[in-house]
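All remarks here apply to the structure that follows.
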Amino acid sequence: MVPIAYYLVLAAILFSVGVAAFLIKRNIISVFMSIELMLNAVNLTFVAFAHMWHQVQGQIFVFFVMVVAAAEAAVGLAIIIAIFRTRQTLNVDQINLMKL
Amino acid sequence: MELALFIIFGGLAVAAALNLLLQRHPINSALSLVVVMMSLAVLYWSLGAEFLAAAQVIVYSGAIMVLFVFVIMLLNAGEEERTTGSRAAYIAGFPGAAAIFCLLSSVFLSESKALGTANLGGHLGGTVSNIAEISHVLFTTLLLPFEVTSVLILVAILGAVVLARKEQ
């Protein structure tokens, strides 16, 4: 028997590590991966609350988050490839203009 | 039994997430993110979400992370270099993330009694199977959102093709 609060605290740890990585990382792909980490942490809270209330809705919401994350990864990585093709860099400090 | 499972895989997830934060090369970060997702799949299973555990392994570690590793290797991304912007990010980033963690964990731990405990592989609402219940809700009340996700995926595929295409 594990208290649900432990699962939620684990999700809080993963979310804050994701926030720290999002702010600190300078590589655009690493920044993108930290967004995925934050999405995973939120999914864990959804599953924990679904278990707590004996409801299936939380798990279905996680399913939709996964679908949106897959679509987001496809489009985001295509944008990263397009940026790299025009700028020849992946450093977010050097990508500060929308115009080339 | 369940507490041991939680400690082992929760600790593994936290260690891999910290490794993601500390590694400078993106390919190392991607591989530690795979470890995080695999351990989260075990935790989903222990919370009685078998379908999501399988979907986590197939969709996240199977599809999304393969895409990430493919792009990292395609762009031949090297180690990230330290700049002046990274020092400012260190000063703002760590206290901000620590504040978010303290706020969330204090709320969760103060409400710990009201939240209750989790049994290993507990079923939802006394039904036979987790997958049966999810598919029942997904194909009756949430049929329209489920169908709309297919349009979303199609638009994402077309958008990725258009964005990654070489300019003539």
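In the structure tokens, chains take letters A, B, ... by order of appearance, with residues numbered from 1 within each chain and ligands from 1 in the order shown.
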Check: which chain A residues lie within 8 Å of chain B using only C-alpha atoms, as a ChimeraX atom specification: /A:1-6,8-10,12-21,23-27,29-30,33,37,40,44,47-48,51-52,54-56,59-60,62-64,66-68,70-75,77-79,81-82,84,90-91,93
Serialized selection, C-alpha atoms, as a PDB file, in the first residue's frame:
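Result file is selection22.pdb:
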```pdb
ATOM      1  CA  MET A   1       0.000   0.000   0.000  1.00  0.00           C
ATOM      2  CA  VAL A   2       1.538   3.258  -1.142  1.00  0.00           C
ATOM      3  CA  PRO A   3      -0.117   6.611  -0.342  1.00  0.00           C
ATOM      4  CA  ILE A   4      -1.326   8.376  -3.493  1.00  0.00           C
ATOM      5  CA  ALA A   5       0.528  11.473  -2.251  1.00  0.00           C
ATOM      6  CA  TYR A   6       3.859   9.683  -2.879  1.00  0.00           C
ATOM      7  CA  LEU A   8       1.980  12.902  -6.733  1.00  0.00           C
ATOM      8  CA  VAL A   9       5.243  14.006  -5.071  1.00  0.00           C
ATOM      9  CA  LEU A  10       7.190  11.846  -7.559  1.00  0.00           C
ATOM     10  CA  ALA A  12       6.148  16.970  -8.750  1.00  0.00           C
ATOM     11  CA  ILE A  13       9.861  16.024  -8.685  1.00  0.00           C
ATOM     12  CA  LEU A  14       9.807  15.003 -12.353  1.00  0.00           C
ATOM     13  CA  PHE A  15       7.895  18.158 -13.309  1.00  0.00           C
ATOM     14  CA  SER A  16      10.349  20.471 -11.505  1.00  0.00           C
ATOM     15  CA  VAL A  17      13.332  18.678 -13.049  1.00  0.00           C
ATOM     16  CA  GLY A  18      11.623  19.230 -16.402  1.00  0.00           C
ATOM     17  CA  VAL A  19      11.140  22.939 -15.640  1.00  0.00           C
ATOM     18  CA  ALA A  20      14.803  23.288 -14.591  1.00  0.00           C
ATOM     19  CA  ALA A  21      15.985  21.489 -17.740  1.00  0.00           C
ATOM     20  CA  LEU A  23      15.221  26.835 -18.419  1.00  0.00           C
ATOM     21  CA  ILE A  24      18.858  25.713 -18.253  1.00  0.00           C
ATOM     22  CA  LYS A  25      19.420  23.668 -21.405  1.00  0.00           C
ATOM     23  CA  ARG A  26      20.773  25.619 -24.382  1.00  0.00           C
ATOM     24  CA  ASN A  27      20.323  22.921 -26.993  1.00  0.00           C
ATOM     25  CA  ILE A  29      16.436  19.432 -28.825  1.00  0.00           C
ATOM     26  CA  SER A  30      17.166  19.106 -25.080  1.00  0.00           C
ATOM     27  CA  MET A  33      12.840  16.732 -24.525  1.00  0.00           C
ATOM     28  CA  LEU A  37       9.372  15.057 -19.378  1.00  0.00           C
ATOM     29  CA  ASN A  40       4.986  12.612 -18.530  1.00  0.00           C
ATOM     30  CA  LEU A  44       1.435  10.378 -13.742  1.00  0.00           C
ATOM     31  CA  VAL A  47      -3.269   8.203 -13.518  1.00  0.00           C
ATOM     32  CA  ALA A  48      -2.856   8.588  -9.740  1.00  0.00           C
ATOM     33  CA  HIS A  51      -6.849   5.410  -9.317  1.00  0.00           C
ATOM     34  CA  MET A  52      -7.904   7.492  -6.310  1.00  0.00           C
ATOM     35  CA  HIS A  54     -11.954   4.840  -9.265  1.00  0.00           C
ATOM     36  CA  GLN A  55     -12.804   6.690 -12.470  1.00  0.00           C
ATOM     37  CA  VAL A  56     -11.575   5.985 -15.976  1.00  0.00           C
ATOM     38  CA  GLN A  59      -6.706   7.528 -17.924  1.00  0.00           C
ATOM     39  CA  ILE A  60      -8.560   8.601 -21.072  1.00  0.00           C
ATOM     40  CA  VAL A  62      -3.663  10.598 -20.533  1.00  0.00           C
ATOM     41  CA  PHE A  63      -4.446   8.827 -23.812  1.00  0.00           C
ATOM     42  CA  PHE A  64      -5.320  12.174 -25.428  1.00  0.00           C
ATOM     43  CA  MET A  66      -0.117  10.993 -25.591  1.00  0.00           C
ATOM     44  CA  VAL A  67      -1.792  11.578 -28.982  1.00  0.00           C
ATOM     45  CA  VAL A  68      -1.170  15.329 -28.806  1.00  0.00           C
ATOM     46  CA  ALA A  70       3.052  12.471 -30.671  1.00  0.00           C
ATOM     47  CA  ALA A  71       1.666  15.098 -33.063  1.00  0.00           C
ATOM     48  CA  GLU A  72       3.657  17.819 -31.293  1.00  0.00           C
ATOM     49  CA  ALA A  73       6.890  15.806 -31.525  1.00  0.00           C
ATOM     50  CA  ALA A  74       6.448  15.295 -35.272  1.00  0.00           C
ATOM     51  CA  VAL A  75       5.772  18.981 -36.004  1.00  0.00           C
ATOM     52  CA  LEU A  77      11.168  18.123 -34.830  1.00  0.00           C
ATOM     53  CA  ALA A  78      10.299  19.205 -38.393  1.00  0.00           C
ATOM     54  CA  ILE A  79      10.561  22.844 -37.234  1.00  0.00           C
ATOM     55  CA  ILE A  81      15.193  20.533 -38.855  1.00  0.00           C
ATOM     56  CA  ALA A  82      13.998  23.621 -40.799  1.00  0.00           C
ATOM     57  CA  PHE A  84      18.950  23.972 -38.462  1.00  0.00           C
ATOM     58  CA  LEU A  90      20.859  24.390 -32.439  1.00  0.00           C
ATOM     59  CA  ASN A  91      21.722  26.907 -29.710  1.00  0.00           C
ATOM     60  CA  ASP A  93      20.745  31.891 -27.725  1.00  0.00           C
TER      61      ASP A  93
END
```
Sel. of helix (DSSP H, G or I) residues, chain A, as an NGL selection string: :A and (4-24 or 28-53 or 57-87 or 92-94)
Next, the residues of the selection above should be written as a CSV table (one decimal), in the first residue's frame with C-alpha atoms.
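selection-v3.csv, freshly written:
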```
chain,number,residue,atom,x,y,z
A,4,ILE,CA,-1.3,8.4,-3.5
A,5,ALA,CA,0.5,11.5,-2.3
A,6,TYR,CA,3.9,9.7,-2.9
A,7,TYR,CA,3.0,9.2,-6.5
A,8,LEU,CA,2.0,12.9,-6.7
A,9,VAL,CA,5.2,14.0,-5.1
A,10,LEU,CA,7.2,11.8,-7.6
A,11,ALA,CA,5.3,13.6,-10.4
A,12,ALA,CA,6.1,17.0,-8.8
A,13,ILE,CA,9.9,16.0,-8.7
A,14,LEU,CA,9.8,15.0,-12.4
A,15,PHE,CA,7.9,18.2,-13.3
A,16,SER,CA,10.3,20.5,-11.5
A,17,VAL,CA,13.3,18.7,-13.0
A,18,GLY,CA,11.6,19.2,-16.4
A,19,VAL,CA,11.1,22.9,-15.6
A,20,ALA,CA,14.8,23.3,-14.6
A,21,ALA,CA,16.0,21.5,-17.7
A,22,PHE,CA,13.7,23.7,-19.9
A,23,LEU,CA,15.2,26.8,-18.4
A,24,ILE,CA,18.9,25.7,-18.3
A,28,ILE,CA,16.9,23.2,-28.7
A,29,ILE,CA,16.4,19.4,-28.8
A,30,SER,CA,17.2,19.1,-25.1
A,31,VAL,CA,14.6,21.9,-24.4
A,32,PHE,CA,12.1,19.9,-26.4
A,33,MET,CA,12.8,16.7,-24.5
A,34,SER,CA,12.3,18.5,-21.2
A,35,ILE,CA,8.8,19.4,-22.4
A,36,GLU,CA,8.2,15.7,-22.9
A,37,LEU,CA,9.4,15.1,-19.4
A,38,MET,CA,6.9,17.6,-18.0
A,39,LEU,CA,4.1,16.0,-20.0
A,40,ASN,CA,5.0,12.6,-18.5
A,41,ALA,CA,4.9,14.0,-15.0
A,42,VAL,CA,1.4,15.4,-15.6
A,43,ASN,CA,0.3,12.1,-17.0
A,44,LEU,CA,1.4,10.4,-13.7
A,45,THR,CA,-0.8,12.7,-11.7
A,46,PHE,CA,-3.7,12.0,-14.0
A,47,VAL,CA,-3.3,8.2,-13.5
A,48,ALA,CA,-2.9,8.6,-9.7
A,49,PHE,CA,-6.0,10.6,-9.4
A,50,ALA,CA,-7.9,8.2,-11.7
A,51,HIS,CA,-6.8,5.4,-9.3
A,52,MET,CA,-7.9,7.5,-6.3
A,53,TRP,CA,-11.4,8.3,-7.6
A,57,GLN,CA,-11.7,9.6,-17.2
A,58,GLY,CA,-8.2,10.4,-16.0
A,59,GLN,CA,-6.7,7.5,-17.9
A,60,ILE,CA,-8.6,8.6,-21.1
A,61,PHE,CA,-7.2,12.1,-20.7
A,62,VAL,CA,-3.7,10.6,-20.5
A,63,PHE,CA,-4.4,8.8,-23.8
A,64,PHE,CA,-5.3,12.2,-25.4
A,65,VAL,CA,-2.2,13.8,-24.0
A,66,MET,CA,-0.1,11.0,-25.6
A,67,VAL,CA,-1.8,11.6,-29.0
A,68,VAL,CA,-1.2,15.3,-28.8
A,69,ALA,CA,2.4,14.7,-27.7
A,70,ALA,CA,3.1,12.5,-30.7
A,71,ALA,CA,1.7,15.1,-33.1
A,72,GLU,CA,3.7,17.8,-31.3
A,73,ALA,CA,6.9,15.8,-31.5
A,74,ALA,CA,6.4,15.3,-35.3
A,75,VAL,CA,5.8,19.0,-36.0
A,76,GLY,CA,8.3,20.3,-33.5
A,77,LEU,CA,11.2,18.1,-34.8
A,78,ALA,CA,10.3,19.2,-38.4
A,79,ILE,CA,10.6,22.8,-37.2
A,80,ILE,CA,13.9,22.1,-35.6
A,81,ILE,CA,15.2,20.5,-38.9
A,82,ALA,CA,14.0,23.6,-40.8
A,83,ILE,CA,15.7,26.0,-38.3
A,84,PHE,CA,18.9,24.0,-38.5
A,85,ARG,CA,18.9,24.1,-42.3
A,86,THR,CA,18.7,27.9,-42.3
A,87,ARG,CA,20.8,28.8,-39.3
A,92,VAL,CA,18.6,28.8,-28.5
A,93,ASP,CA,20.7,31.9,-27.7
A,94,GLN,CA,21.5,32.3,-31.4
```
Gap from atom CA of B:Thr141 to atom CA of B:Ser129 - Å, one decimal: 18.4 Å
